[in-house]
Amino acid sequence: MDTLVLSVTFLDRLFHGRSSNNEPEWPPSPMRLFQAMLAGAHMGIRETQWSGAKENAFKWLESIEDLPVIIAPRAELSSGYVAYVPDNVGDKKRERQNRLFPKEYRPYRLIDGDTVYYAWIIDSSERESREERLRILCDEMRHVVSLGWGIDQVIGNGKILSESDVTGLPGNRWKSVNAIGPGESLLRVPTEGSLVDLQSVVYKGFVERVDGNSFRQPPKPSKYREVWYSREWYRSPREYCVFEILDGVAFAQKNLTKVATMFRSLTIREAEGDDHKFPGGVEKYVAGHADHVDTNIPRFSYIPLPTIGHQHADGMIRRLLIVEPYGGGGTQARWSYNKLHGAPLRDEDGNIFGVLNRSLGSETERMVQRYTRESLKWRTVTPVILPGFDDGKQKKAEKLVLTAMKQAGVAPETVCEFYLRKSPFWNGSLHPKQYFLPEYLRKLPGWHVEIVFREPVSGPLSLGAGRHLGMGLFARVISGHKGSEDSYMSI
């Protein structure tokens with residue numbers, strides 16, 4: 001299979017373009033590329049070189065049903081600033097200073113590259129019949145001047161590449177999807193009629209916007225579709241709710257699984273006495289009791305949160321998370337948020353060890369963000385309990401970590417590199433052998449793990465055989481945090 005690849009390389013790694021609702025846009029939409037190509041084709045002397053062949057090529061591009069894959073570098077939204085620029089279409093004041101108005105600049109800053117690629121798969125059987133159109137489109141890319149605002153100057157290029165060549169292009173892959181959710185962008189794409197609308201309505205309206213002393217606002221493009229694009233391998237964040245333990249109660253981190261077990265028992269009691277419907281029922285979703293056929297069922301995770309992240313952090317447990325599986329939607333977390341407030345934590349003998357409170361202070365919010373906000377680099381607070389025996393060999397342990405990723409719904413393709421060690425990363429964390437574990441986990445090896453992802457991911461993130469009871473819990477490494485000198489395993 002051949003692929004038509006049209007690319008733009010930014011001269012300055014900033015992109016100011018806005019979406020149809022005037023919000024900062026990333027990645028740049030296919031409709032934006034279509035407009036930039038058309039503008040380049042009509043710029044200056046090229047206006048007289050417009051032909052029926054070029055028109056057919058653009059009409060073919062707008063009619064392609066399979067939307068392009070967008071390959072773009074990682075980008076971060078800047079804090080922005082406000083500049084005062086002349087309002088050339090406002091009033092009739094001659095003095096420039098008297099007709100200034102504020103304009104917000106909030107561009108995306110490209111982080112690890114400067115080129116955005118748009119890739120359309122071309123059926124090999126149609127390659128010969130489309131040869132002229134493909135050549136015209138590739139040629140017209142060399143006339144593209146900017147993509148976004150006028151200050152977003154680019155160099156355009158167009159090529160026909162093989163599938164293997166496209167696979168090697170650097171950047172995050174964005175594909176059109178039907179679902180709506182976090183991590184997705186609503187982008188405009190050309191459709192049949194886009195070319196006529198831009199030429200006969202938008203451009204004509206711009207040229208004729210001034211008539212004597214009167215001014216008419218130029219029309220905006222109206223012939224396009226809006227579709228959702230999602231980063232390939234992106235997983236929507238897991239929904240969760242947070243509880244504090246009242247009266248200054250704190251648990252030692254070595255007893256983390258005991259706390260999680262009390263938390264789970266409390267949730268089971270409340271669920272069994274309620275008419276709320278859980279996917280798969282209380283036995284599977286809340287209690288986590290799986291049969292031998294389906295051991296990876298959708299279920300709650302009960303995660304005690306150790307206190308970490310500052311020089312006086314003691315690793316003690318003062319907060320609890322109840323977390324849905326990926327794609328949960330939030331309904332079950334909201335149930336627990338309302339149902340468990342004010343409920344006591346009891347051990348198996350009925351002794352009360354604390355009361356849950358959903359009223360969260362700023363300190364708790366900051367602590368929870370250490371476990372939930374996006375980051376490229378993550379480190380375990382509690383060790384990953386491997387889903388098998390490593391026989392004391394680190395290479396085998398590394399393979400089992402990859403297995404643990406798959407079991408937890410983390411695609412290994414999203415991981416840039418990772419490494420393992422026995423000593424903890426965070427103040428208050430412990431060596432794997434120092435944690436109390438349920439009987440079924442005690443013989444399995446544990447490792448502390450650092451993971452660097454190819455693009456930022458959100459938490460809560462937990463891996464391994466004990467991930468539903470708070471083992472294998474990761475916290476994000478904030479940018480600028482001193483890294484480790486240990487060697488990595490790249491995948």
# chains A, B, ... in the order shown; residues from 1 in each chain; ligands from 1

$ closest_atom_pairs --of "stretch 165-283 of chain A" --to "stretch 299-308 of chain A" --cutoff "9 Å" --atoms "only C-alpha atoms" --output "CSV"
residue,atom,partner,partner_atom,distance
A:Phe251,CA,A:Pro306,CA,8.8
A:Ala252,CA,A:Pro306,CA,8.7
A:Gln253,CA,A:Pro306,CA,6.6
A:Leu256,CA,A:Pro304,CA,6.5
A:Thr257,CA,A:Pro304,CA,8.2
A:Val259,CA,A:Pro304,CA,7.0
A:Ala260,CA,A:Tyr302,CA,5.5
A:Thr261,CA,A:Tyr302,CA,7.9
A:Phe263,CA,A:Tyr302,CA,6.7
A:Arg264,CA,A:Tyr302,CA,6.4
A:Pro279,CA,A:Arg299,CA,8.4
A:Gly280,CA,A:Arg299,CA,8.8

$ write_last_selection --atoms "C-alpha atoms" --output "PDB file, in the first residue's frame"
ATOM      1  CA  PHE A 251      -1.449   3.940  58.634  1.00  0.00           C
ATOM      2  CA  ALA A 252       2.065   2.651  58.113  1.00  0.00           C
ATOM      3  CA  GLN A 253       2.841   1.970  54.464  1.00  0.00           C
ATOM      4  CA  LEU A 256      -1.076  -0.883  52.857  1.00  0.00           C
ATOM      5  CA  THR A 257      -2.837  -4.062  51.701  1.00  0.00           C
ATOM      6  CA  VAL A 259      -5.943  -0.886  54.712  1.00  0.00           C
ATOM      7  CA  ALA A 260      -7.068  -1.673  51.160  1.00  0.00           C
ATOM      8  CA  THR A 261      -8.779  -4.848  52.386  1.00  0.00           C
ATOM      9  CA  PHE A 263     -11.678  -0.342  52.391  1.00  0.00           C
ATOM     10  CA  ARG A 264     -12.882  -3.089  50.045  1.00  0.00           C
ATOM     11  CA  PRO A 279     -21.425  -4.090  35.748  1.00  0.00           C
ATOM     12  CA  GLY A 280     -21.187  -7.819  36.369  1.00  0.00           C
TER      13      GLY A 280
END

$ closest_atom_pairs --of "stretch 125-208 of chain A" --to "stretch 21-45 of chain A" --cutoff "12 Å" --atoms "only C-alpha atoms" --output "CSV"
residue,atom,partner,partner_atom,distance
A:Ile136,CA,A:Ala41,CA,10.3
A:Leu137,CA,A:Met37,CA,8.4
A:Cys138,CA,A:Met37,CA,10.0
A:Asp139,CA,A:Ala41,CA,9.6
A:Glu140,CA,A:Ala41,CA,6.2
A:Met141,CA,A:Met37,CA,6.2
A:Arg142,CA,A:Gly40,CA,8.4
A:His143,CA,A:Gly40,CA,4.9
A:Val144,CA,A:Gly40,CA,4.8
A:Val145,CA,A:Gly40,CA,6.6
A:Ser146,CA,A:Ala36,CA,6.7
A:Leu147,CA,A:Ala36,CA,6.1
A:Gly148,CA,A:Arg32,CA,7.1
A:Trp149,CA,A:Arg32,CA,10.3
A:Gly150,CA,A:Ala36,CA,10.4
A:Asp152,CA,A:Ala36,CA,11.2
A:Gln153,CA,A:Ala36,CA,10.8
A:Val154,CA,A:Ala36,CA,10.2
A:Ile155,CA,A:Ala36,CA,11.4
A:Gly156,CA,A:Met37,CA,9.0
A:Asn157,CA,A:Met37,CA,10.7
A:Gly158,CA,A:Met37,CA,11.1
A:Gly171,CA,A:Pro27,CA,11.1
A:Asn172,CA,A:Pro27,CA,9.9
A:Arg173,CA,A:Pro27,CA,10.1
A:Trp174,CA,A:Pro27,CA,8.2
A:Lys175,CA,A:Pro27,CA,11.0
A:Ser176,CA,A:Pro30,CA,11.2
A:Gly183,CA,A:Trp26,CA,10.8
A:Glu184,CA,A:Trp26,CA,9.7
A:Ser185,CA,A:Trp26,CA,7.2
A:Leu186,CA,A:Glu25,CA,8.7
A:Leu187,CA,A:Ser29,CA,5.2
A:Arg188,CA,A:Met31,CA,5.3
A:Val189,CA,A:Met31,CA,4.4
A:Pro190,CA,A:Met31,CA,5.0
A:Thr191,CA,A:Met31,CA,8.8
A:Glu192,CA,A:Met31,CA,11.9
A:Ser194,CA,A:Met31,CA,8.8
A:Leu195,CA,A:Leu38,CA,8.3
A:Val196,CA,A:Leu38,CA,11.1
A:Asp197,CA,A:Gln35,CA,10.9
A:Leu198,CA,A:Gln35,CA,7.8
A:Gln199,CA,A:Leu38,CA,8.8
A:Val202,CA,A:Gln35,CA,10.8
A:Tyr203,CA,A:Ala39,CA,9.6

$ closest_residue --among "A:Ser164, A:Thr115, A:Gln394, A:Asn255" --to "A:Leu6" --atoms "only C-alpha atoms"
A:Thr115

$ closest_atom_pairs --of "stretch 43-104 of chain A" --to "stretch 14-17 of chain A" --cutoff "12 Å" --atoms "only C-alpha atoms" --output "CSV"
residue,atom,partner,partner_atom,distance
A:Ala72,CA,A:Phe15,CA,11.9
A:Pro73,CA,A:Leu14,CA,11.6
A:Arg74,CA,A:Leu14,CA,11.8
A:Ala75,CA,A:Leu14,CA,9.0
A:Glu76,CA,A:Leu14,CA,9.8
A:Leu77,CA,A:Phe15,CA,9.5
A:Ser78,CA,A:Leu14,CA,9.4
A:Gly80,CA,A:His16,CA,10.2
A:Tyr81,CA,A:His16,CA,11.9
A:Lys103,CA,A:His16,CA,11.9
A:Glu104,CA,A:His16,CA,10.0

$ atom_distance --atom1 "atom CA of A:Tyr117" --atom2 "atom CA of A:Leu134"
15.7 Å

$ closest_residue --among "A:Tyr371, A:Trp60, A:Tyr108, A:Phe436" --to "A:Arg18" --atoms "only C-alpha atoms"
A:Tyr108

$ select_by_dssp --residues "stretch 249-486 of chain A" --states "alpha helix (DSSP H)" --output "ChimeraX atom specification"
/A:256-272,331-339,362-372,394-407

$ write_last_selection --atoms "C-alpha atoms" --output "short mmCIF file (atom, residue, chain, number, x, y, z; two decimals), in the first residue's frame"
data_model
loop_
_atom_site.label_atom_id
_atom_site.label_comp_id
_atom_site.auth_asym_id
_atom_site.auth_seq_id
_atom_site.Cartn_x
_atom_site.Cartn_y
_atom_site.Cartn_z
CA LEU A 256 -1.08 -0.88 52.86
CA THR A 257 -2.84 -4.06 51.70
CA LYS A 258 -4.52 -4.40 55.12
CA VAL A 259 -5.94 -0.89 54.71
CA ALA A 260 -7.07 -1.67 51.16
CA THR A 261 -8.78 -4.85 52.39
CA MET A 262 -10.71 -2.89 55.05
CA PHE A 263 -11.68 -0.34 52.39
CA ARG A 264 -12.88 -3.09 50.04
CA SER A 265 -14.89 -4.81 52.81
CA LEU A 266 -16.60 -1.52 53.64
CA THR A 267 -17.52 -0.97 49.98
CA ILE A 268 -18.88 -4.52 49.65
CA ARG A 269 -21.10 -4.06 52.72
CA GLU A 270 -22.51 -0.80 51.40
CA ALA A 271 -23.03 -2.23 47.89
CA GLU A 272 -24.82 -5.35 49.11
CA THR A 331 -20.94 6.33 37.40
CA GLN A 332 -19.59 3.79 39.89
CA ALA A 333 -17.05 6.22 41.37
CA ARG A 334 -19.83 8.76 41.95
CA TRP A 335 -21.86 6.09 43.74
CA SER A 336 -18.96 5.40 46.11
CA TYR A 337 -18.37 9.12 46.64
CA ASN A 338 -21.92 9.56 47.88
CA LYS A 339 -22.29 6.22 49.68
CA SER A 362 -5.95 21.87 49.21
CA GLU A 363 -3.20 19.70 50.70
CA THR A 364 -5.09 16.53 49.77
CA GLU A 365 -5.76 17.88 46.30
CA ARG A 366 -2.05 18.51 45.73
CA MET A 367 -1.19 15.05 46.99
CA VAL A 368 -3.77 13.36 44.76
CA GLN A 369 -2.37 15.21 41.75
CA ARG A 370 0.98 13.51 42.35
CA TYR A 371 -0.79 10.26 41.45
CA THR A 372 -3.25 11.42 38.78
CA GLN A 394 16.37 -9.33 36.22
CA LYS A 395 15.91 -10.04 32.49
CA LYS A 396 13.05 -12.38 33.30
CA ALA A 397 11.64 -9.80 35.71
CA GLU A 398 11.66 -7.22 32.89
CA LYS A 399 9.60 -9.54 30.69
CA LEU A 400 7.12 -10.05 33.52
CA VAL A 401 6.79 -6.26 33.92
CA LEU A 402 5.75 -6.10 30.24
CA THR A 403 3.16 -8.81 30.98
CA ALA A 404 1.93 -6.77 33.95
CA MET A 405 1.52 -3.74 31.69
CA LYS A 406 -0.68 -5.67 29.28
CA GLN A 407 -2.78 -7.09 32.11
#

$ residues_around --residues "A:Val381" --least-positions-apart "5" --cutoff "8 Å" --atoms "only C-alpha atoms" --output "list in words"
Pro306, Pro424, Phe425, Trp426, Ser429, His448, Gly472, Leu473, Phe474 and Ala475 of chain A

$ write_last_selection --atoms "N, CA and C atoms" --output "short mmCIF file (atom, residue, chain, number, x, y, z; two decimals), in the first residue's frame"
data_model
loop_
_atom_site.label_atom_id
_atom_site.label_comp_id
_atom_site.auth_asym_id
_atom_site.auth_seq_id
_atom_site.Cartn_x
_atom_site.Cartn_y
_atom_site.Cartn_z
N PRO A 306 -0.03 6.74 49.90
CA PRO A 306 1.03 7.19 50.81
C PRO A 306 1.35 8.68 50.57
N PRO A 424 13.68 1.66 47.13
CA PRO A 424 12.56 2.56 46.81
C PRO A 424 13.05 3.88 46.22
N PHE A 425 12.14 4.57 45.53
CA PHE A 425 12.41 5.87 44.93
C PHE A 425 12.03 7.02 45.86
N TRP A 426 11.01 6.82 46.70
CA TRP A 426 10.39 7.93 47.43
C TRP A 426 10.64 7.79 48.93
N SER A 429 8.85 5.10 51.33
CA SER A 429 8.60 3.82 50.67
C SER A 429 9.60 2.77 51.16
N HIS A 448 10.66 -2.31 42.47
CA HIS A 448 10.32 -0.92 42.19
C HIS A 448 10.67 -0.63 40.73
N GLY A 472 2.14 -1.82 43.47
CA GLY A 472 2.49 -1.41 42.10
C GLY A 472 1.94 -0.04 41.76
N LEU A 473 1.80 0.83 42.77
CA LEU A 473 1.23 2.16 42.57
C LEU A 473 2.33 3.14 42.17
N PHE A 474 2.09 3.90 41.09
CA PHE A 474 3.07 4.84 40.56
C PHE A 474 2.66 6.28 40.90
N ALA A 475 3.67 7.13 41.05
CA ALA A 475 3.47 8.58 41.17
C ALA A 475 4.28 9.25 40.06
#
